[in-house]
Amino acid sequence: MIPISTPAGEYRVWTKRFGNNPRIKVLLLHGGPGATHEYFESVESFFPREGIEFIYYDQLGSGNSDHPEGKGDVLWDLPRFVEEVEQVRLALGLNKDNFFLLGSSWGGILAMEYALKYQQNLKGLIITNMMASAPDYDRYADEVLAKQMDPAVLKEVRALEAKGEYQNPRYMELLMANFYTEHICRFPLEDWPEPVNRSFSKINQELYVTMQGPSEFGLSGKLENWDVKARLPEIRVPTLTIGATHDTMDPKHMEWISTQVQNGQFLLCPNGSHLSMWDDQQTWMDGVIGFLLAVDGR
């Protein structure tokens, strides 16, 4: 448990280390915001084989970390989360000789923002399944993904959204069957990996809705206008971006990011979606492990 100083007081966040590698230490930034580290459990079957040290971390308000109440207006804020990551880095003794940051979905936003402020502390950066622009993400959801949905289903979804009925069970029922199983995790719903279900069942809804909005079907929370496309050339550290053909994020945008940073490369998971560490697992693992070992000179 790592002590964290925030504008709203002192709290603690939870971390757990696997392995001990003085040259490769991967801090995993989960998505949500407000999900947990648990959907990363797929790496346990792969990273240890290569001697890669990795560190689970539940961000403040998530999972095993403290859950402040009534302070969301101050705490659920992107710059504060960046400072939290820096405090975690210091507490864990990570530095430019060993520190790899891997951010998934919202964790990718956090990873990009961290790199833009603190890249002098990084050895490498991995952004998986997250675009560099929330407006572009919204546009892709509206102009591409929505058009792949059954028109009758989309009409009902839009009608519920227009009435603000995001808490209506029917809204999530429609999205789970017609969107989440296509673009979040491409297994039949009854076969979703247990760690994914466990992580999603614990989502901090206050944090998630404040930052993301009510669903994965576009962004409408505090992150709605987030965009760092113009700043990507500032990122100098070796960077891997990962996209997936069936993702909620545009894989072409993910490839484009790799051309904008100074030292980037791109991995496509052709059979994957937003959680391609599960539904295109071998591609994702081979790509991530290959990148880590290559940056380390192996």
# chains A, B, ... in the order shown; residues from 1 in each chain; ligands from 1

call {"tool": "residues_around", "arguments": {"residues": "Phe47 of chain A", "least_positions_apart": "2", "cutoff": "10 Å", "atoms": "only C-alpha atoms", "output": "ChimeraX atom specification"}}
result
/A:18-19,26,42-45,49-54,285-286,288-289

call {"tool": "atom_distance", "arguments": {"atom1": "atom CA of Val196 of chain A", "atom2": "atom CA of Leu292 of chain A"}}
result
24.2 Å

call {"tool": "atom_distance", "arguments": {"atom1": "atom CA of Ile55 of chain A", "atom2": "atom CA of Leu110 of chain A"}}
result
16.1 Å

call {"tool": "closest_residue", "arguments": {"among": "A:Asn178, A:Ser133, A:Asn20, A:Gln167", "to": "Val153 of chain A", "atoms": "only C-alpha atoms"}}
result
A:Asn178

call {"tool": "atom_distance", "arguments": {"atom1": "atom CA of Ala111 of chain A", "atom2": "atom CA of Arg186 of chain A"}}
result
25.1 Å

call {"tool": "select_by_dssp", "arguments": {"residues": "segment 84-245 of chain A", "states": "helix (DSSP H, G or I)", "output": "ChimeraX atom specification"}}
result
/A:84-92,106-121,134-148,151-162,169-183,189-191,194-201,205-211,229-234

call {"tool": "residues_around", "arguments": {"residues": "Glu84 of chain A", "least_positions_apart": "3", "cutoff": "12 Å", "atoms": "only C-alpha atoms", "output": "PyMOL selection string"}}
result
chain A and resi 2-7+10-14+29+57-61+75-81+87-91+110-111+113-114

call {"tool": "write_last_selection", "arguments": {"atoms": "C-alpha atoms", "output": "PDB file, in the first residue's frame"}}
result
ATOM      1  CA  ILE A   2       1.579   3.257  -1.144  1.00  0.00           C
ATOM      2  CA  PRO A   3       0.730   6.580   0.552  1.00  0.00           C
ATOM      3  CA  ILE A   4      -0.546   9.197  -1.890  1.00  0.00           C
ATOM      4  CA  SER A   5      -0.813  12.927  -1.260  1.00  0.00           C
ATOM      5  CA  THR A   6      -3.744  14.631  -2.978  1.00  0.00           C
ATOM      6  CA  PRO A   7      -5.449  18.051  -2.777  1.00  0.00           C
ATOM      7  CA  GLU A  10      -3.741  11.519   2.221  1.00  0.00           C
ATOM      8  CA  TYR A  11      -4.805   8.145   0.840  1.00  0.00           C
ATOM      9  CA  ARG A  12      -3.271   4.777  -0.013  1.00  0.00           C
ATOM     10  CA  VAL A  13      -3.135   2.853  -3.281  1.00  0.00           C
ATOM     11  CA  TRP A  14      -2.522  -0.866  -3.706  1.00  0.00           C
ATOM     12  CA  LEU A  29      -2.290   1.063 -15.771  1.00  0.00           C
ATOM     13  CA  TYR A  57      -1.664  -1.214  -9.436  1.00  0.00           C
ATOM     14  CA  ASP A  58      -5.208  -0.172  -8.558  1.00  0.00           C
ATOM     15  CA  GLN A  59      -5.592   3.553  -9.032  1.00  0.00           C
ATOM     16  CA  LEU A  60      -7.171   5.634  -6.278  1.00  0.00           C
ATOM     17  CA  GLY A  61     -10.888   4.872  -6.103  1.00  0.00           C
ATOM     18  CA  LEU A  75      -9.844  13.724  -7.083  1.00  0.00           C
ATOM     19  CA  TRP A  76     -11.355  12.506 -10.365  1.00  0.00           C
ATOM     20  CA  ASP A  77      -9.128  14.704 -12.470  1.00  0.00           C
ATOM     21  CA  LEU A  78      -6.551  13.718 -15.088  1.00  0.00           C
ATOM     22  CA  PRO A  79      -3.618  15.885 -13.872  1.00  0.00           C
ATOM     23  CA  ARG A  80      -4.086  14.531 -10.344  1.00  0.00           C
ATOM     24  CA  PHE A  81      -3.966  10.952 -11.610  1.00  0.00           C
ATOM     25  CA  GLN A  87       4.208   9.089  -6.542  1.00  0.00           C
ATOM     26  CA  VAL A  88       3.784   5.360  -7.193  1.00  0.00           C
ATOM     27  CA  ARG A  89       6.917   5.362  -9.365  1.00  0.00           C
ATOM     28  CA  LEU A  90       8.971   7.004  -6.629  1.00  0.00           C
ATOM     29  CA  ALA A  91       7.680   4.621  -3.968  1.00  0.00           C
ATOM     30  CA  LEU A 110      -2.911   8.309 -18.319  1.00  0.00           C
ATOM     31  CA  ALA A 111       0.267   6.809 -19.803  1.00  0.00           C
ATOM     32  CA  GLU A 113      -0.103  12.258 -20.158  1.00  0.00           C
ATOM     33  CA  TYR A 114       2.514  10.831 -17.809  1.00  0.00           C
TER      34      TYR A 114
END

call {"tool": "residues_around", "arguments": {"residues": "segment 136-149 of chain A", "least_positions_apart": "6", "cutoff": "8 Å", "atoms": "only C-alpha atoms", "output": "NGL selection string"}}
result
:A and (178-179 or 217-219 or 248-250)

call {"tool": "residues_around", "arguments": {"residues": "Arg236 of chain A", "least_positions_apart": "3", "cutoff": "12 Å", "atoms": "only C-alpha atoms", "output": "ChimeraX atom specification"}}
result
/A:112,115-125,231-233,239-240,258-264

call {"tool": "closest_residue", "arguments": {"among": "A:Arg170, A:His274, A:Arg17, A:His30", "to": "Ser104 of chain A", "atoms": "only C-alpha atoms"}}
result
A:His30

call {"tool": "decode", "arguments": {"residues": "segment 21-155 of chain A", "atoms": "C-alpha atoms", "output": "CSV table (one decimal), in the first residue's frame"}}
result
chain,number,residue,atom,x,y,z
A,21,ASN,CA,14.1,-7.9,-12.9
A,22,PRO,CA,16.5,-4.9,-12.4
A,23,ARG,CA,16.2,-4.0,-16.1
A,24,ILE,CA,12.5,-4.6,-17.0
A,25,LYS,CA,9.8,-3.5,-14.6
A,26,VAL,CA,6.3,-3.0,-16.1
A,27,LEU,CA,3.8,-0.9,-14.3
A,28,LEU,CA,0.3,-1.7,-15.5
A,29,LEU,CA,-2.3,1.1,-15.8
A,30,HIS,CA,-5.8,-0.4,-15.9
A,31,GLY,CA,-8.7,1.2,-17.7
A,32,GLY,CA,-12.1,2.4,-16.7
A,33,PRO,CA,-11.5,4.8,-15.2
A,34,GLY,CA,-12.5,2.9,-12.1
A,35,ALA,CA,-11.9,-0.7,-13.2
A,36,THR,CA,-9.2,-2.8,-11.5
A,37,HIS,CA,-5.9,-4.4,-12.3
A,38,GLU,CA,-7.6,-7.8,-12.5
A,39,TYR,CA,-8.3,-7.9,-16.2
A,40,PHE,CA,-4.5,-7.9,-16.7
A,41,GLU,CA,-4.2,-11.3,-15.1
A,42,SER,CA,-3.6,-12.8,-18.5
A,43,VAL,CA,0.0,-11.6,-18.4
A,44,GLU,CA,0.7,-14.0,-15.5
A,45,SER,CA,0.9,-16.9,-18.0
A,46,PHE,CA,3.4,-15.1,-20.3
A,47,PHE,CA,5.6,-12.4,-18.7
A,48,PRO,CA,7.2,-14.7,-16.1
A,49,ARG,CA,8.5,-17.0,-18.8
A,50,GLU,CA,10.7,-14.2,-20.0
A,51,GLY,CA,11.7,-13.0,-16.6
A,52,ILE,CA,9.7,-9.8,-17.0
A,53,GLU,CA,8.8,-8.1,-13.7
A,54,PHE,CA,5.4,-6.6,-13.7
A,55,ILE,CA,3.5,-4.6,-11.1
A,56,TYR,CA,-0.3,-4.5,-10.6
A,57,TYR,CA,-1.7,-1.2,-9.4
A,58,ASP,CA,-5.2,-0.2,-8.6
A,59,GLN,CA,-5.6,3.6,-9.0
A,60,LEU,CA,-7.2,5.6,-6.3
A,61,GLY,CA,-10.9,4.9,-6.1
A,62,SER,CA,-10.4,1.5,-7.7
A,63,GLY,CA,-10.2,-2.1,-6.5
A,64,ASN,CA,-8.0,-2.7,-3.4
A,65,SER,CA,-7.0,1.0,-3.1
A,66,ASP,CA,-8.7,3.6,-0.9
A,67,HIS,CA,-12.2,4.7,-2.1
A,68,PRO,CA,-12.6,8.4,-1.1
A,69,GLU,CA,-16.2,9.5,-0.9
A,70,GLY,CA,-17.6,12.9,-1.6
A,71,LYS,CA,-14.3,14.2,-3.1
A,72,GLY,CA,-14.8,13.3,-6.7
A,73,ASP,CA,-14.8,16.9,-7.9
A,74,VAL,CA,-11.2,17.3,-6.7
A,75,LEU,CA,-9.8,13.7,-7.1
A,76,TRP,CA,-11.4,12.5,-10.4
A,77,ASP,CA,-9.1,14.7,-12.5
A,78,LEU,CA,-6.6,13.7,-15.1
A,79,PRO,CA,-3.6,15.9,-13.9
A,80,ARG,CA,-4.1,14.5,-10.3
A,81,PHE,CA,-4.0,11.0,-11.6
A,82,VAL,CA,-0.7,11.8,-13.4
A,83,GLU,CA,0.8,13.0,-10.1
A,84,GLU,CA,-0.5,9.8,-8.5
A,85,VAL,CA,1.5,7.7,-11.0
A,86,GLU,CA,4.6,9.7,-10.3
A,87,GLN,CA,4.2,9.1,-6.5
A,88,VAL,CA,3.8,5.4,-7.2
A,89,ARG,CA,6.9,5.4,-9.4
A,90,LEU,CA,9.0,7.0,-6.6
A,91,ALA,CA,7.7,4.6,-4.0
A,92,LEU,CA,8.5,1.6,-6.1
A,93,GLY,CA,12.0,2.9,-7.0
A,94,LEU,CA,11.4,2.8,-10.8
A,95,ASN,CA,13.6,4.8,-13.1
A,96,LYS,CA,14.8,5.4,-16.7
A,97,ASP,CA,16.9,2.3,-16.5
A,98,ASN,CA,14.0,-0.1,-15.8
A,99,PHE,CA,10.6,1.6,-15.9
A,100,PHE,CA,8.1,0.6,-18.6
A,101,LEU,CA,4.6,2.0,-18.4
A,102,LEU,CA,1.8,0.0,-20.0
A,103,GLY,CA,-1.5,1.8,-20.2
A,104,SER,CA,-4.7,0.1,-21.4
A,105,SER,CA,-7.8,2.1,-22.5
A,106,TRP,CA,-8.1,5.0,-19.9
A,107,GLY,CA,-4.8,3.8,-18.7
A,108,GLY,CA,-3.5,4.7,-22.2
A,109,ILE,CA,-4.7,8.3,-21.7
A,110,LEU,CA,-2.9,8.3,-18.3
A,111,ALA,CA,0.3,6.8,-19.8
A,112,MET,CA,0.4,9.4,-22.6
A,113,GLU,CA,-0.1,12.3,-20.2
A,114,TYR,CA,2.5,10.8,-17.8
A,115,ALA,CA,5.0,10.5,-20.7
A,116,LEU,CA,4.4,14.1,-21.8
A,117,LYS,CA,5.3,15.4,-18.3
A,118,TYR,CA,7.7,12.8,-16.9
A,119,GLN,CA,9.2,10.8,-19.8
A,120,GLN,CA,12.7,11.4,-18.3
A,121,ASN,CA,11.8,8.6,-15.9
A,122,LEU,CA,10.8,6.1,-18.5
A,123,LYS,CA,12.6,3.4,-20.4
A,124,GLY,CA,9.7,2.6,-22.6
A,125,LEU,CA,6.0,3.3,-23.1
A,126,ILE,CA,3.2,1.0,-24.3
A,127,ILE,CA,-0.2,2.3,-25.2
A,128,THR,CA,-2.8,-0.4,-25.9
A,129,ASN,CA,-6.2,0.2,-27.3
A,130,MET,CA,-6.4,3.9,-26.7
A,131,MET,CA,-6.5,6.8,-29.2
A,132,ALA,CA,-4.8,10.2,-28.6
A,133,SER,CA,-8.1,12.1,-29.0
A,134,ALA,CA,-11.4,11.8,-27.3
A,135,PRO,CA,-13.3,13.7,-30.1
A,136,ASP,CA,-11.8,11.3,-32.6
A,137,TYR,CA,-12.8,8.3,-30.5
A,138,ASP,CA,-16.4,9.7,-30.3
A,139,ARG,CA,-16.4,10.3,-34.1
A,140,TYR,CA,-15.2,6.7,-34.7
A,141,ALA,CA,-17.9,5.3,-32.4
A,142,ASP,CA,-20.6,7.4,-34.2
A,143,GLU,CA,-19.5,7.2,-37.8
A,144,VAL,CA,-18.1,3.7,-37.9
A,145,LEU,CA,-19.1,1.4,-35.0
A,146,ALA,CA,-22.7,2.6,-34.7
A,147,LYS,CA,-23.3,1.9,-38.4
A,148,GLN,CA,-22.2,-1.7,-37.9
A,149,MET,CA,-25.0,-2.2,-35.3
A,150,ASP,CA,-28.4,-3.5,-36.1
A,151,PRO,CA,-30.4,-0.3,-37.1
A,152,ALA,CA,-33.3,-1.3,-34.8
A,153,VAL,CA,-31.0,-1.8,-31.9
A,154,LEU,CA,-29.2,1.5,-32.5
A,155,LYS,CA,-32.5,3.3,-32.7
